[in-house]
Amino acid sequence: MKNHLNVIHSAHFVIKNLSLIGLLICTFSCKEPKKELVAEVVTNNKVSIDLEKQIDDCEFQLEITVPKLTDLTKHPRLIETNETTWEQVDNDELIWTSGFYPGILWYAYNITGNKKWKDEAIKRTEVFEDYKNIKVHHDIGFMMFPAYGNGFIIGDKKEYKDILITSANSLATRFNPNVGTIKSWSNKMHPRWKQHITIIDNMLNLELLFWAAKNGGDKKLYDIAVKHAETTMKNHFRTDCTSWHVLEYDSISGAVLNRHTKQGYADDSRWSRGQAWGVYGYTMVYKETKDKKFLDFAQKLTNKYLSLLPEDMVPCWDFDVANNPKEEKDASAAAIVASALIDLGTFVEKKEDQERYYNAALKILKSLGSDKYSGVGKTDSFLLHSTGAKSLGWEIDVALIYADYYYIEALSRLKTLQEQK
Ligand code: GLY
């Protein structure tokens, strides 16, 4: 384990070197003021977190849990309240969370450089290659990109390319051009809805399409992703920039038939993780397209989300029940947004926005790494206090594998950003 270093201390080192770097940049080219501004934001920020300690805590947890998770045909999904070890799901259940554990291991390799996490990530990625043919739901993006996508990007596993392209093609079969979105669920699994269902979570699956279009796949995958993002932007949000969870569209005319929820408190309530998927989704769509309308929209969703947060930066599972202190938190929403904010802070032009997003990310991460939310010394997860689906009566105040995934992704993004500066 590395020594715990406070980022404030490392910031002093970065500041000293930045004067020289800044001089060189201005001498040879003054064309990239945005990068300099970001450097300033990183070095002058008022919020400090002990990033190295939070990374060490993650590695400490993996040292404990990885040797316990020996059956590679099962994937960790949650730790029930008052339990300490991961409950797992079988490979053949095709559960949307299956790719997150290998994804965590890829990020662990990325931030620690420890080759053992790469070896573990490979073992746990390659068990579900057959998922590339899944066409029965939209979750193939959630499943394949954290595992195979990170394997390609972080682990340099170029041989994963064809698997990812096949996966993207499978996802694209669910696109309905009459509607302009990818169909999320099958009606058999969700009998409340009879026609074309799209949920806000689906935004995350677009990353797989963008990646495939850029890496040898059909260019129409890019068009599908953009169309889905545009249609969702038009229909899936209230005028106050909060998100509905489930939209049912007429499969032929594309008209919106109704706006409902599955995991929120009520059809018209503001499910926190839904808003988090929107924040992350539109930040990622801007990253991939560089279309300013998506950046503006990502900012609107983010500003709304941040305005609804309590003091500790971790939302209640639904913003519309947050007045009741007995209602449970959802740390997974916080982790998703923290990761998105680190990217968003580098995309926006105004220095005050950069600072606001960067500092908000740090505040969230600091809170998640604190004794209140950290699983260290208590359970096998990085984080506690997430809520998967209280409205359905399950996963209430538990540890969730995707909370850990987006948390370590955020730490990894933060570390990369600080190293770049
Ligand atoms: N994508 C499912 C969820 O957020 O629970």
# chains A, B, ... in the order shown; residues from 1 in each chain; ligands from 1

call {"tool": "closest_atom_pairs", "arguments": {"of": "chain A", "to": "ligand 1", "cutoff": "7 Å", "atoms": "only C-alpha atoms and all ligand atoms", "output": "Markdown table"}}
result
| residue | atom | partner | partner_atom_place_in_ligand_line | distance |
| --- | --- | --- | --- | --- |
| A:Asp201 | CA | ligand 1 | 1 (N) | 5.1 |
| A:Arg273 | CA | ligand 1 | 4 (O) | 6.2 |
| A:Gly274 | CA | ligand 1 | 4 (O) | 6.9 |
| A:Gly388 | CA | ligand 1 | 5 (O) | 5.5 |
| A:Ala389 | CA | ligand 1 | 5 (O) | 6.7 |

call {"tool": "select_by_dssp", "arguments": {"residues": "region 156-201 of chain A", "states": "strand (DSSP E)", "output": "list in words"}}
result
Phe175, Asn176, Thr181, Ile182, His196, Ile197, Thr198 and Ile199 of chain A

call {"tool": "atom_distance", "arguments": {"atom1": "CA of Ser170 (chain A)", "atom2": "CA of Phe128 (chain A)"}}
result
14.8 Å

call {"tool": "closest_residue", "arguments": {"among": "A:Leu37, A:Leu309, A:Ala213, A:Val42", "to": "Glu419 (chain A)", "atoms": "only C-alpha atoms"}}
result
A:Val42

call {"tool": "select_by_dssp", "arguments": {"residues": "region 255-345 of chain A", "states": "helix (DSSP H, G or I)", "output": "PyMOL selection string"}}
result
chain A and resi 272-289+292-307+319-321+331-345

call {"tool": "closest_residue", "arguments": {"among": "A:Gln88, A:Thr166, A:Met233, A:Glu207", "to": "Pro146 (chain A)", "atoms": "only C-alpha atoms"}}
result
A:Glu207

call {"tool": "residues_around", "arguments": {"residues": "Ile182 (chain A)", "least_positions_apart": "5", "cutoff": "9 Å", "atoms": "only C-alpha atoms", "output": "VMD selection string"}}
result
chain A and resid 138 171 to 177 196 to 198 202 224 to 225 228

call {"tool": "residues_around", "arguments": {"residues": "region 279-290 of chain A", "least_positions_apart": "5", "cutoff": "7 Å", "atoms": "only C-alpha atoms", "output": "list in words"}}
result
Met203, Leu204, Phe210, Leu295, Phe297, Ala298, Leu301, Thr302, Ile336, Val337, Ala340 and Leu344 of chain A

call {"tool": "residues_around", "arguments": {"residues": "region 96-98 of chain A", "least_positions_apart": "5", "cutoff": "12 Å", "atoms": "only C-alpha atoms", "output": "ChimeraX atom specification"}}
result
/A:72-78,88-91,103-104,124-129,131,134,136-148,184-185,201-202,204-205,388,400-405

call {"tool": "write_last_selection", "arguments": {"atoms": "N, CA and C atoms", "output": "tab-separated table (two decimals), in the first residue's frame"}}
result
chain	number	residue	atom	x	y	z
A	72	LEU	N	-16.11	-18.14	-10.82
A	72	LEU	CA	-16.16	-17.10	-11.86
A	72	LEU	C	-17.46	-17.12	-12.67
A	73	THR	N	-18.30	-18.10	-12.43
A	73	THR	CA	-19.59	-18.11	-13.13
A	73	THR	C	-20.64	-17.28	-12.38
A	74	LYS	N	-20.21	-16.67	-11.29
A	74	LYS	CA	-21.13	-15.83	-10.51
A	74	LYS	C	-20.55	-14.42	-10.39
A	75	HIS	N	-21.46	-13.44	-10.30
A	75	HIS	CA	-21.00	-12.05	-10.25
A	75	HIS	C	-21.59	-11.33	-9.05
A	76	PRO	N	-20.73	-10.66	-8.25
A	76	PRO	CA	-21.23	-9.95	-7.07
A	76	PRO	C	-22.20	-8.85	-7.45
A	77	ARG	N	-23.28	-8.73	-6.68
A	77	ARG	CA	-24.29	-7.72	-6.99
A	77	ARG	C	-24.61	-6.81	-5.80
A	78	LEU	N	-24.82	-7.42	-4.61
A	78	LEU	CA	-25.15	-6.56	-3.47
A	78	LEU	C	-24.73	-7.22	-2.16
A	88	GLN	N	-24.17	-13.08	-4.85
A	88	GLN	CA	-23.79	-13.15	-6.26
A	88	GLN	C	-24.94	-13.65	-7.13
A	89	VAL	N	-24.84	-13.33	-8.43
A	89	VAL	CA	-25.85	-13.84	-9.37
A	89	VAL	C	-25.15	-14.68	-10.42
A	90	ASP	N	-25.87	-15.69	-10.91
A	90	ASP	CA	-25.30	-16.59	-11.91
A	90	ASP	C	-25.12	-15.90	-13.25
A	91	ASN	N	-24.08	-16.33	-13.94
A	91	ASN	CA	-23.81	-15.83	-15.28
A	91	ASN	C	-25.04	-15.92	-16.19
A	103	GLY	N	-15.11	-4.56	-14.16
A	103	GLY	CA	-14.86	-3.13	-14.39
A	103	GLY	C	-14.10	-2.50	-13.22
A	104	ILE	N	-14.50	-2.87	-12.00
A	104	ILE	CA	-13.82	-2.36	-10.81
A	104	ILE	C	-12.34	-2.79	-10.83
A	124	ARG	N	-12.16	-12.37	-14.97
A	124	ARG	CA	-13.57	-12.12	-14.66
A	124	ARG	C	-14.31	-11.44	-15.81
A	125	THR	N	-13.57	-10.94	-16.77
A	125	THR	CA	-14.19	-10.38	-17.97
A	125	THR	C	-14.53	-11.51	-18.94
A	126	GLU	N	-13.58	-12.40	-19.14
A	126	GLU	CA	-13.70	-13.32	-20.27
A	126	GLU	C	-14.72	-14.44	-20.05
A	127	VAL	N	-15.31	-14.48	-18.86
A	127	VAL	CA	-16.31	-15.53	-18.61
A	127	VAL	C	-17.64	-15.25	-19.30
A	128	PHE	N	-17.88	-14.01	-19.72
A	128	PHE	CA	-19.21	-13.79	-20.30
A	128	PHE	C	-19.17	-13.22	-21.72
A	129	GLU	N	-18.25	-13.75	-22.49
A	129	GLU	CA	-18.19	-13.31	-23.89
A	129	GLU	C	-19.54	-13.51	-24.61
A	131	TYR	N	-22.37	-12.95	-23.79
A	131	TYR	CA	-23.31	-11.84	-23.60
A	131	TYR	C	-23.37	-10.92	-24.82
A	134	ILE	N	-26.68	-10.75	-26.58
A	134	ILE	CA	-27.94	-10.46	-25.87
A	134	ILE	C	-28.77	-9.43	-26.64
A	136	VAL	N	-32.33	-9.41	-25.69
A	136	VAL	CA	-33.61	-9.45	-24.97
A	136	VAL	C	-33.85	-8.24	-24.06
A	137	HIS	N	-32.81	-7.46	-23.80
A	137	HIS	CA	-32.97	-6.21	-23.06
A	137	HIS	C	-31.86	-5.26	-23.47
A	138	HIS	N	-31.93	-4.04	-22.94
A	138	HIS	CA	-30.97	-3.00	-23.36
A	138	HIS	C	-29.67	-3.01	-22.56
A	139	ASP	N	-29.58	-3.87	-21.55
A	139	ASP	CA	-28.49	-3.73	-20.58
A	139	ASP	C	-27.13	-4.19	-21.07
A	140	ILE	N	-27.06	-4.63	-22.30
A	140	ILE	CA	-25.78	-5.13	-22.82
A	140	ILE	C	-24.68	-4.07	-22.73
A	141	GLY	N	-25.04	-2.80	-22.83
A	141	GLY	CA	-24.04	-1.73	-22.69
A	141	GLY	C	-23.49	-1.69	-21.27
A	142	PHE	N	-24.39	-1.74	-20.29
A	142	PHE	CA	-23.98	-1.77	-18.89
A	142	PHE	C	-23.10	-3.00	-18.61
A	143	MET	N	-23.39	-4.09	-19.29
A	143	MET	CA	-22.68	-5.33	-18.98
A	143	MET	C	-21.33	-5.40	-19.66
A	144	MET	N	-21.29	-5.00	-20.94
A	144	MET	CA	-20.07	-5.22	-21.72
A	144	MET	C	-19.05	-4.09	-21.61
A	145	PHE	N	-19.52	-2.83	-21.47
A	145	PHE	CA	-18.54	-1.75	-21.54
A	145	PHE	C	-17.63	-1.68	-20.30
A	146	PRO	N	-18.17	-1.80	-19.09
A	146	PRO	CA	-17.25	-1.78	-17.94
A	146	PRO	C	-16.22	-2.92	-17.99
A	147	ALA	N	-16.62	-4.06	-18.54
A	147	ALA	CA	-15.72	-5.21	-18.56
A	147	ALA	C	-14.83	-5.17	-19.82
A	148	TYR	N	-15.44	-5.40	-20.98
A	148	TYR	CA	-14.65	-5.48	-22.22
A	148	TYR	C	-14.15	-4.10	-22.67
A	184	SER	N	-35.96	-0.46	-24.01
A	184	SER	CA	-35.21	-0.92	-22.83
A	184	SER	C	-35.59	-2.33	-22.40
A	185	TRP	N	-36.87	-2.54	-22.17
A	185	TRP	CA	-37.31	-3.80	-21.58
A	185	TRP	C	-38.26	-4.54	-22.51
A	201	ASP	N	-32.19	5.22	-17.60
A	201	ASP	CA	-30.94	4.47	-17.42
A	201	ASP	C	-30.30	4.12	-18.76
A	202	ASN	N	-31.13	3.98	-19.78
A	202	ASN	CA	-30.68	3.54	-21.11
A	202	ASN	C	-29.62	4.47	-21.70
A	204	LEU	N	-26.90	5.31	-20.54
A	204	LEU	CA	-25.55	4.80	-20.31
A	204	LEU	C	-25.12	3.80	-21.37
A	205	ASN	N	-26.10	3.09	-21.94
A	205	ASN	CA	-25.76	2.09	-22.95
A	205	ASN	C	-25.23	2.70	-24.24
A	388	GLY	N	-31.42	0.17	-4.24
A	388	GLY	CA	-31.65	-0.24	-5.64
A	388	GLY	C	-33.07	0.01	-6.07
A	400	LEU	N	-24.13	-1.80	-3.15
A	400	LEU	CA	-24.42	-2.21	-4.53
A	400	LEU	C	-23.15	-2.17	-5.36
A	401	ILE	N	-23.01	-3.14	-6.23
A	401	ILE	CA	-21.76	-3.26	-6.99
A	401	ILE	C	-21.55	-2.06	-7.91
A	402	TYR	N	-22.65	-1.47	-8.42
A	402	TYR	CA	-22.44	-0.33	-9.32
A	402	TYR	C	-22.10	0.94	-8.57
A	403	ALA	N	-22.47	1.03	-7.30
A	403	ALA	CA	-22.00	2.17	-6.49
A	403	ALA	C	-20.47	2.10	-6.41
A	404	ASP	N	-19.96	0.90	-6.14
A	404	ASP	CA	-18.50	0.74	-6.05
A	404	ASP	C	-17.83	1.03	-7.39
A	405	TYR	N	-18.47	0.59	-8.48
A	405	TYR	CA	-17.87	0.79	-9.81
A	405	TYR	C	-17.73	2.28	-10.13

call {"tool": "atom_distance", "arguments": {"atom1": "CA of Ile199 (chain A)", "atom2": "CA of Glu327 (chain A)"}}
result
23.7 Å

call {"tool": "residues_around", "arguments": {"residues": "Thr242 (chain A)", "least_positions_apart": "4", "cutoff": "10 Å", "atoms": "only C-alpha atoms", "output": "MDAnalysis selection string"}}
result
chainID A and resid 236:238 269:272 274:276 278 300:302 304:305

call {"tool": "write_last_selection", "arguments": {"atoms": "N, CA, C and O atoms", "output": "tab-separated table (two decimals), in the first residue's frame"}}
result
chain	number	residue	atom	x	y	z
A	236	HIS	N	-38.13	13.08	-22.04
A	236	HIS	CA	-37.95	12.36	-20.78
A	236	HIS	C	-37.80	13.27	-19.56
A	236	HIS	O	-37.57	12.80	-18.45
A	237	PHE	N	-37.91	14.61	-19.78
A	237	PHE	CA	-37.62	15.54	-18.68
A	237	PHE	C	-38.74	16.53	-18.47
A	237	PHE	O	-39.36	16.99	-19.43
A	238	ARG	N	-38.95	16.86	-17.22
A	238	ARG	CA	-39.94	17.88	-16.87
A	238	ARG	C	-39.35	19.26	-17.17
A	238	ARG	O	-38.13	19.37	-17.40
A	269	SER	N	-42.64	11.30	-9.32
A	269	SER	CA	-41.60	11.76	-8.37
A	269	SER	C	-40.23	11.75	-9.05
A	269	SER	O	-40.07	11.24	-10.15
A	270	ARG	N	-39.27	12.32	-8.32
A	270	ARG	CA	-37.93	12.48	-8.89
A	270	ARG	C	-36.98	11.44	-8.28
A	270	ARG	O	-36.40	11.67	-7.21
A	271	TRP	N	-36.86	10.32	-8.97
A	271	TRP	CA	-36.00	9.21	-8.54
A	271	TRP	C	-34.55	9.66	-8.68
A	271	TRP	O	-34.12	10.03	-9.78
A	272	SER	N	-33.81	9.62	-7.59
A	272	SER	CA	-32.47	10.22	-7.59
A	272	SER	C	-31.52	9.56	-8.59
A	272	SER	O	-30.78	10.26	-9.29
A	274	GLY	N	-32.24	8.04	-11.27
A	274	GLY	CA	-32.64	8.39	-12.63
A	274	GLY	C	-32.01	9.71	-13.05
A	274	GLY	O	-31.48	9.85	-14.15
A	275	GLN	N	-32.05	10.68	-12.15
A	275	GLN	CA	-31.44	11.97	-12.45
A	275	GLN	C	-29.91	11.80	-12.64
A	275	GLN	O	-29.32	12.41	-13.52
A	276	ALA	N	-29.34	10.93	-11.81
A	276	ALA	CA	-27.89	10.68	-11.93
A	276	ALA	C	-27.54	10.05	-13.28
A	276	ALA	O	-26.55	10.43	-13.92
A	278	GLY	N	-29.11	10.55	-15.98
A	278	GLY	CA	-29.23	11.65	-16.94
A	278	GLY	C	-27.98	12.52	-16.95
A	278	GLY	O	-27.44	12.87	-18.00
A	300	LYS	N	-27.67	21.65	-17.29
A	300	LYS	CA	-28.99	21.90	-16.68
A	300	LYS	C	-29.37	20.77	-15.71
A	300	LYS	O	-29.84	21.00	-14.60
A	301	LEU	N	-29.18	19.52	-16.18
A	301	LEU	CA	-29.53	18.38	-15.31
A	301	LEU	C	-28.66	18.36	-14.06
A	301	LEU	O	-29.13	18.06	-12.96
A	302	THR	N	-27.39	18.68	-14.25
A	302	THR	CA	-26.44	18.67	-13.12
A	302	THR	C	-26.79	19.76	-12.12
A	302	THR	O	-26.81	19.52	-10.90
A	304	LYS	N	-29.58	21.10	-11.56
A	304	LYS	CA	-30.79	20.71	-10.83
A	304	LYS	C	-30.45	19.67	-9.75
A	304	LYS	O	-30.87	19.78	-8.60
A	305	TYR	N	-29.72	18.65	-10.17
A	305	TYR	CA	-29.34	17.59	-9.22
A	305	TYR	C	-28.61	18.19	-8.01
A	305	TYR	O	-28.95	17.90	-6.87

call {"tool": "residues_around", "arguments": {"residues": "Lys329 (chain A)", "least_positions_apart": "5", "cutoff": "9 Å", "atoms": "only C-alpha atoms", "output": "list in words"}}
result
Val314, Pro315, Cys316, Trp317, Asp318, Ala322, His385, Ser386, Thr387, Ile396 and Asp397 of chain A

call {"tool": "closest_residue", "arguments": {"among": "A:Gln195, A:Leu221, A:Lys132, A:Asp296", "to": "Asp250 (chain A)", "atoms": "only C-alpha atoms"}}
result
A:Gln195

call {"tool": "closest_residue", "arguments": {"among": "A:Val321, A:Ala229, A:Leu411, A:Ala335", "to": "Asp291 (chain A)", "atoms": "only C-alpha atoms"}}
result
A:Ala229

call {"tool": "closest_residue", "arguments": {"among": "A:Tyr101, A:Glu52, A:Ser186, A:Val41", "to": "Leu69 (chain A)", "atoms": "only C-alpha atoms"}}
result
A:Tyr101

call {"tool": "decode", "arguments": {"residues": "region 130-204 of chain A", "atoms": "C-alpha atoms", "output": "compact mmCIF listing (two decimals), in the first residue's frame"}}
result
# COMPACT_ATOMS: atom_id res chain seq x y z
CA ASP A 130 -21.51 -14.90 -24.94
CA TYR A 131 -23.31 -11.84 -23.60
CA LYS A 132 -22.32 -10.09 -26.81
CA ASN A 133 -25.39 -11.67 -28.44
CA ILE A 134 -27.94 -10.46 -25.87
CA LYS A 135 -30.92 -8.87 -27.60
CA VAL A 136 -33.61 -9.45 -24.97
CA HIS A 137 -32.97 -6.21 -23.06
CA HIS A 138 -30.97 -3.00 -23.36
CA ASP A 139 -28.49 -3.73 -20.58
CA ILE A 140 -25.78 -5.13 -22.82
CA GLY A 141 -24.04 -1.73 -22.69
CA PHE A 142 -23.98 -1.77 -18.89
CA MET A 143 -22.68 -5.33 -18.98
CA MET A 144 -20.07 -5.22 -21.72
CA PHE A 145 -18.54 -1.75 -21.54
CA PRO A 146 -17.25 -1.78 -17.94
CA ALA A 147 -15.72 -5.21 -18.56
CA TYR A 148 -14.65 -5.48 -22.22
CA GLY A 149 -14.58 -1.72 -22.92
CA ASN A 150 -12.29 -1.03 -19.97
CA GLY A 151 -10.27 -4.10 -20.91
CA PHE A 152 -9.67 -2.59 -24.34
CA ILE A 153 -8.99 0.95 -23.09
CA ILE A 154 -7.17 0.34 -19.80
CA GLY A 155 -5.83 -3.16 -20.32
CA ASP A 156 -4.87 -2.75 -23.98
CA LYS A 157 -6.79 -5.93 -24.80
CA LYS A 158 -7.22 -5.18 -28.49
CA GLU A 159 -8.68 -8.63 -29.05
CA TYR A 160 -11.87 -7.44 -27.29
CA LYS A 161 -12.70 -5.17 -30.23
CA ASP A 162 -14.85 -7.62 -32.19
CA ILE A 163 -16.72 -8.64 -29.03
CA LEU A 164 -17.56 -4.99 -28.35
CA ILE A 165 -18.67 -4.35 -31.94
CA THR A 166 -20.88 -7.44 -31.91
CA SER A 167 -22.35 -6.23 -28.60
CA ALA A 168 -23.09 -2.81 -30.06
CA ASN A 169 -24.79 -4.42 -33.06
CA SER A 170 -26.92 -6.50 -30.69
CA LEU A 171 -27.97 -3.36 -28.81
CA ALA A 172 -28.78 -1.57 -32.06
CA THR A 173 -31.34 -4.26 -32.97
CA ARG A 174 -33.53 -2.75 -30.22
CA PHE A 175 -33.62 0.70 -31.86
CA ASN A 176 -37.05 1.64 -33.18
CA PRO A 177 -36.78 4.38 -35.85
CA ASN A 178 -40.49 5.23 -35.47
CA VAL A 179 -39.79 6.25 -31.90
CA GLY A 180 -36.17 7.29 -32.12
CA THR A 181 -35.02 5.33 -29.07
CA ILE A 182 -33.71 1.92 -28.07
CA LYS A 183 -36.33 -0.25 -26.39
CA SER A 184 -35.21 -0.92 -22.83
CA TRP A 185 -37.31 -3.80 -21.58
CA SER A 186 -39.35 -6.62 -22.99
CA ASN A 187 -43.08 -6.27 -22.29
CA LYS A 188 -43.21 -9.84 -20.98
CA MET A 189 -40.86 -8.90 -18.14
CA HIS A 190 -42.78 -5.69 -17.42
CA PRO A 191 -46.48 -6.31 -18.11
CA ARG A 192 -47.53 -2.85 -16.94
CA TRP A 193 -46.36 -1.53 -20.30
CA LYS A 194 -47.62 -2.87 -23.64
CA GLN A 195 -45.55 -1.00 -26.21
CA HIS A 196 -42.08 0.54 -26.60
CA ILE A 197 -40.50 1.29 -23.21
CA THR A 198 -37.46 3.49 -22.74
CA ILE A 199 -36.01 4.20 -19.31
CA ILE A 200 -33.62 7.01 -18.43
CA ASP A 201 -30.94 4.47 -17.42
CA ASN A 202 -30.68 3.54 -21.11
CA MET A 203 -28.56 6.65 -21.72
CA LEU A 204 -25.55 4.80 -20.31
